[in-house]
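Notes follow once the structure below has been shown.
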Amino acid sequence: NVSSSSAYITSKIEARPFVFTNRIYQTITNPPNPQLSWENVRMSNLAVDFSVFNNRLSGSVEHYFKKATDLLSSEPINPSSGVTTLYGNWSSLKGSGWDLNLTSKNIQSRDILWQSDLILSYTNEKVTDYKLRPNSDVNYLTSNLGQYPIEGKPLYGMYSFASAGLDATGQPQGYFDGTLSQDYTNIYNNTRLDDFVYHGRATPSLFGSIRNTFQYKALDLSFNISAQFGYYVRRQGLNYGSLYAVSSYNSLPFQYDYLNRWQQAGDELSTHVPAAVYPAVANRETFYNMTEHLVERGDHIRLRDIRLAYTVKLPRVGLSSLQVYGYANNLGVLWAANKLGFDPDAVYENAMVYPAVRTYSLGVSLNF
């Protein structure tokens, strides 16, 4: 990668005169950086390919180590220079991982074949140099994943406010400077990064798939199961403002938490869902939806697709083969680690999105 920005100073003339002098003036749009350069990536791979048992089991195992330096980012600079940040080759990260590919012919005879193809990948990266911090630490919760990397952590991390549960009237409680607090505005705006709850990665560290293929004479059946492990998602919790407005799809799927809300004294021992209030208190809603209660494990296993085909040879009519097949894709989640059983792939940027559309197709393939 190379920056699309100029290494030289650029500026623009403002449309209106400066308010104090009533004179035309320019502002710097790109500070000069003569050291602006390419990013550097070093990668080492060690792989082994193998085949054993008369080719009944074959595959490869690969380990890699990757180090990226001079990554493009902004870094704080002395404000006396005229700017507060400078874009350049300031950051770095490192990572390593494993890739495993296996093909196993479990049953192989004249009329029957059962073959399994396994793909597994494990990755682990860590930011080693990044200096720029947001104006407020709450941006680590509210900004897009990876917008503000943190040294010593994965590029995409999941953070939340620590929760102290509900009080005797069903009001959510948190902490500020180590003290129990219901000052939601102060908690939201002034909680420091060190006081956030760090859950782990927001992207899978282990993912893979296994495809099983069965053949009996002219009939073929295959299905693919995929999995993702080692990461967290933040779901949307009960939001009374959205509930009263019934405004959009992305907030509705989790509104059934209303049934689990605090309703009477003692409920605070069995639920974290705040009591209903009308009108809704915006700061209370915002705080609750960023607490640790709403961070769930994203690990899941899904049935990716199924394919069924029947092939016949028709040399008498000039066809080498004719195949009729049916295919179904995006068939749904088989297992999910989260307590509610929702599809983690249907949660994006903390809100629900429409899940991948299930599709079906039929086809005919002719070979002459």
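Each chain of the structure tokens is named A, B, ... in the order shown, its residues numbered from 1; ligands are numbered from 1 in display order.
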>> Among segment 192-335 of chain A, which residues does DSSP mark as strand (DSSP E) when it is run on the backbone? Keep the chain and numbering as in the structure and answer as number ranges by chain.
In response: A: 197-201, 206-216, 219-229, 232-234, 295-297, 300-314, 319-335
> What lies within 9 Å of Gln26 of chain A using only C-alpha atoms, ignoring chain neighbours under 3 positions off, as a PyMOL selection string?
Replying inline: chain A and resi 11-14
>> Report, in Å with one decimal, the straight-line distance from atom CA of Tyr354 of chain A to atom CA of Thr203 of chain A.
In response: 19.3 Å
Between segment 266-304 of chain A and segment 139-149 of chain A, at 12 Å or less, what are the per-residue closest atom pairs and their distances in Å? Count only C-alpha atoms, order by chain and rising residue number, and return it as a tab-separated table.
```
residue	atom	partner	partner_atom	distance
A:Thr286	CA	A:Thr142	CA	10.5
A:Phe287	CA	A:Leu141	CA	10.9
A:Asn289	CA	A:Leu141	CA	10.8
A:Met290	CA	A:Leu141	CA	7.6
A:Thr291	CA	A:Leu141	CA	10.1
A:Glu292	CA	A:Leu141	CA	11.4
A:Val295	CA	A:Leu141	CA	11.7
```
Keeping only N, CA and C atoms, write those residues as a tab-separated table (two decimals), in the first residue's frame.
```tsv
chain	number	residue	atom	x	y	z
A	286	THR	N	-28.74	4.52	26.38
A	286	THR	CA	-27.43	4.44	25.74
A	286	THR	C	-26.44	3.67	26.61
A	287	PHE	N	-26.42	3.98	27.90
A	287	PHE	CA	-25.52	3.28	28.81
A	287	PHE	C	-25.81	1.79	28.83
A	289	ASN	N	-27.24	-0.19	26.73
A	289	ASN	CA	-26.95	-0.91	25.49
A	289	ASN	C	-25.47	-1.05	25.19
A	290	MET	N	-24.62	-0.43	26.02
A	290	MET	CA	-23.18	-0.60	25.85
A	290	MET	C	-22.54	-1.32	27.05
A	291	THR	N	-23.38	-1.96	27.88
A	291	THR	CA	-22.84	-2.70	29.02
A	291	THR	C	-22.43	-4.10	28.60
A	292	GLU	N	-21.71	-4.75	29.48
A	292	GLU	CA	-21.19	-6.09	29.21
A	292	GLU	C	-22.28	-7.14	29.05
A	295	VAL	N	-22.88	-8.14	25.31
A	295	VAL	CA	-21.80	-8.71	24.51
A	295	VAL	C	-21.91	-10.23	24.58
```
> Do you have the atom CA of Leu102 of chain A-atom CA of Gly59 of chain A distance handy?
Replying inline: 4.3 Å
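Every protein, DNA or RNA residue with an atom at most 8 Å from Thr10 of chain A, where only C-alpha atoms count and chain neighbours fewer than 6 positions away do not, is listed here: Ile28, Thr29, Asn30, Pro31 and Pro32 of chain A.
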>> Please return, as a list in words, all residues of segment 261-344 of chain A that DSSP assigns to helix (DSSP H, G or I) on the basis of the backbone.
In response: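 Assigned to helix (DSSP H, G or I), within segment 261-344 of chain A: Asp267, Glu268, Leu269, Ala282, Asn283, Arg284, Glu285, Thr286, Phe287, Tyr288, Glu292, His293, Leu294, Pro315, Arg316, Val317 and Pro344 of chain A.
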> Within 10 Å of Ala280 of chain A, counting only C-alpha atoms, which residues qualify if same-chain residues fewer than 3 places away don't, as a ChimeraX atom specification?
Replying inline: /A:239-244,276-277,283-285
Could those residues be written to a file, using all heavy atoms, as a PDB file, in the first residue's frame?
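Writing done, so here's result_13.pdb:
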```pdb
ATOM      1  N   ASN A 239     -34.590  -1.333  24.071  1.00  0.00           N
ATOM      2  CA  ASN A 239     -34.523   0.123  23.989  1.00  0.00           C
ATOM      3  C   ASN A 239     -35.950   0.645  24.034  1.00  0.00           C
ATOM      4  O   ASN A 239     -36.723   0.442  23.094  1.00  0.00           O
ATOM      5  CB  ASN A 239     -33.811   0.543  22.699  1.00  0.00           C
ATOM      6  CG  ASN A 239     -33.610   2.043  22.602  1.00  0.00           C
ATOM      7  OD1 ASN A 239     -34.575   2.800  22.575  1.00  0.00           O
ATOM      8  ND2 ASN A 239     -32.358   2.471  22.533  1.00  0.00           N
ATOM      9  N   TYR A 240     -36.305   1.270  25.144  1.00  0.00           N
ATOM     10  CA  TYR A 240     -37.696   1.683  25.317  1.00  0.00           C
ATOM     11  C   TYR A 240     -38.100   2.758  24.315  1.00  0.00           C
ATOM     12  O   TYR A 240     -39.245   2.792  23.860  1.00  0.00           O
ATOM     13  CB  TYR A 240     -37.926   2.165  26.750  1.00  0.00           C
ATOM     14  CG  TYR A 240     -37.950   1.027  27.746  1.00  0.00           C
ATOM     15  CD1 TYR A 240     -36.854   0.774  28.573  1.00  0.00           C
ATOM     16  CD2 TYR A 240     -39.052   0.187  27.838  1.00  0.00           C
ATOM     17  CE1 TYR A 240     -36.869  -0.277  29.481  1.00  0.00           C
ATOM     18  CE2 TYR A 240     -39.072  -0.864  28.732  1.00  0.00           C
ATOM     19  CZ  TYR A 240     -37.981  -1.102  29.550  1.00  0.00           C
ATOM     20  OH  TYR A 240     -38.003  -2.158  30.425  1.00  0.00           O
ATOM     21  N   GLY A 241     -37.164   3.635  23.951  1.00  0.00           N
ATOM     22  CA  GLY A 241     -37.489   4.656  22.959  1.00  0.00           C
ATOM     23  C   GLY A 241     -37.895   4.040  21.636  1.00  0.00           C
ATOM     24  O   GLY A 241     -38.889   4.431  21.018  1.00  0.00           O
ATOM     25  N   SER A 242     -37.122   3.026  21.178  1.00  0.00           N
ATOM     26  CA  SER A 242     -37.459   2.349  19.925  1.00  0.00           C
ATOM     27  C   SER A 242     -38.725   1.510  20.074  1.00  0.00           C
ATOM     28  O   SER A 242     -39.521   1.390  19.147  1.00  0.00           O
ATOM     29  CB  SER A 242     -36.297   1.453  19.486  1.00  0.00           C
ATOM     30  OG  SER A 242     -35.141   2.212  19.220  1.00  0.00           O
ATOM     31  N   LEU A 243     -38.899   0.908  21.257  1.00  0.00           N
ATOM     32  CA  LEU A 243     -40.082   0.083  21.491  1.00  0.00           C
ATOM     33  C   LEU A 243     -41.353   0.923  21.389  1.00  0.00           C
ATOM     34  O   LEU A 243     -42.329   0.524  20.743  1.00  0.00           O
ATOM     35  CB  LEU A 243     -40.001  -0.568  22.865  1.00  0.00           C
ATOM     36  CG  LEU A 243     -41.169  -1.471  23.253  1.00  0.00           C
ATOM     37  CD1 LEU A 243     -41.230  -2.690  22.335  1.00  0.00           C
ATOM     38  CD2 LEU A 243     -41.051  -1.903  24.702  1.00  0.00           C
ATOM     39  N   TYR A 244     -41.336   2.102  22.006  1.00  0.00           N
ATOM     40  CA  TYR A 244     -42.524   2.950  21.956  1.00  0.00           C
ATOM     41  C   TYR A 244     -42.768   3.480  20.548  1.00  0.00           C
ATOM     42  O   TYR A 244     -43.908   3.659  20.133  1.00  0.00           O
ATOM     43  CB  TYR A 244     -42.369   4.125  22.924  1.00  0.00           C
ATOM     44  CG  TYR A 244     -42.171   3.704  24.371  1.00  0.00           C
ATOM     45  CD1 TYR A 244     -41.411   4.477  25.246  1.00  0.00           C
ATOM     46  CD2 TYR A 244     -42.735   2.536  24.855  1.00  0.00           C
ATOM     47  CE1 TYR A 244     -41.229   4.100  26.570  1.00  0.00           C
ATOM     48  CE2 TYR A 244     -42.552   2.144  26.177  1.00  0.00           C
ATOM     49  CZ  TYR A 244     -41.792   2.926  27.024  1.00  0.00           C
ATOM     50  OH  TYR A 244     -41.603   2.539  28.331  1.00  0.00           O
ATOM     51  N   ALA A 276     -39.306  -0.572  32.887  1.00  0.00           N
ATOM     52  CA  ALA A 276     -39.899   0.312  31.884  1.00  0.00           C
ATOM     53  C   ALA A 276     -40.152   1.686  32.490  1.00  0.00           C
ATOM     54  O   ALA A 276     -40.647   1.802  33.616  1.00  0.00           O
ATOM     55  CB  ALA A 276     -41.201  -0.286  31.368  1.00  0.00           C
ATOM     56  N   VAL A 277     -39.776   2.713  31.743  1.00  0.00           N
ATOM     57  CA  VAL A 277     -40.089   4.086  32.138  1.00  0.00           C
ATOM     58  C   VAL A 277     -40.661   4.822  30.934  1.00  0.00           C
ATOM     59  O   VAL A 277     -40.323   4.512  29.788  1.00  0.00           O
ATOM     60  CB  VAL A 277     -38.831   4.827  32.656  1.00  0.00           C
ATOM     61  CG1 VAL A 277     -38.333   4.215  33.952  1.00  0.00           C
ATOM     62  CG2 VAL A 277     -37.719   4.825  31.604  1.00  0.00           C
ATOM     63  N   ASN A 283     -30.134   8.809  28.012  1.00  0.00           N
ATOM     64  CA  ASN A 283     -28.812   8.470  28.549  1.00  0.00           C
ATOM     65  C   ASN A 283     -28.807   7.098  29.217  1.00  0.00           C
ATOM     66  O   ASN A 283     -27.830   6.365  29.148  1.00  0.00           O
ATOM     67  CB  ASN A 283     -28.352   9.537  29.538  1.00  0.00           C
ATOM     68  CG  ASN A 283     -28.010  10.848  28.852  1.00  0.00           C
ATOM     69  OD1 ASN A 283     -27.728  10.865  27.661  1.00  0.00           O
ATOM     70  ND2 ASN A 283     -28.044  11.942  29.594  1.00  0.00           N
ATOM     71  N   ARG A 284     -29.907   6.764  29.879  1.00  0.00           N
ATOM     72  CA  ARG A 284     -30.014   5.452  30.500  1.00  0.00           C
ATOM     73  C   ARG A 284     -30.021   4.357  29.433  1.00  0.00           C
ATOM     74  O   ARG A 284     -29.368   3.322  29.572  1.00  0.00           O
ATOM     75  CB  ARG A 284     -31.288   5.371  31.350  1.00  0.00           C
ATOM     76  CG  ARG A 284     -31.367   4.115  32.207  1.00  0.00           C
ATOM     77  CD  ARG A 284     -32.686   4.035  32.961  1.00  0.00           C
ATOM     78  NE  ARG A 284     -33.729   3.470  32.107  1.00  0.00           N
ATOM     79  CZ  ARG A 284     -34.724   2.700  32.568  1.00  0.00           C
ATOM     80  NH1 ARG A 284     -34.807   2.420  33.867  1.00  0.00           N
ATOM     81  NH2 ARG A 284     -35.642   2.231  31.756  1.00  0.00           N
ATOM     82  N   GLU A 285     -30.754   4.599  28.327  1.00  0.00           N
ATOM     83  CA  GLU A 285     -30.824   3.624  27.235  1.00  0.00           C
ATOM     84  C   GLU A 285     -29.443   3.406  26.612  1.00  0.00           C
ATOM     85  O   GLU A 285     -29.032   2.268  26.349  1.00  0.00           O
ATOM     86  CB  GLU A 285     -31.780   4.112  26.142  1.00  0.00           C
ATOM     87  CG  GLU A 285     -33.148   4.505  26.638  1.00  0.00           C
ATOM     88  CD  GLU A 285     -34.064   3.312  26.771  1.00  0.00           C
ATOM     89  OE1 GLU A 285     -34.563   2.825  25.763  1.00  0.00           O
ATOM     90  OE2 GLU A 285     -34.245   2.862  27.921  1.00  0.00           O
TER      91      GLU A 285
END
```
> Given the choices A:Asp167, A:Asp117, A:Glu62, A:Asp220, which gets closest to Thr311 of chain A if the distance is worked out from only C-alpha atoms?
Replying inline: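 Closest residue, counting only C-alpha atoms: A:Asp220.
Using only C-alpha atoms, the nearest neighbour of Val61 of chain A within the list A:Ser121, A:Asn106, A:Gln236, A:Asn189 is A:Ser121.
Nearest residue to Asn190 of chain A among A:Pro17, A:Gly157, A:Leu221, A:Val138 is A:Val138, counting only C-alpha atoms.
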>> Need to verify the contact set: segment 45-49 of chain A, 8 Å, only C-alpha atoms, exclusion of same-chain residues closer than 2 positions in sequence. Can you return it as a PyMOL selection string?
In response: chain A and resi 43+51+58-65
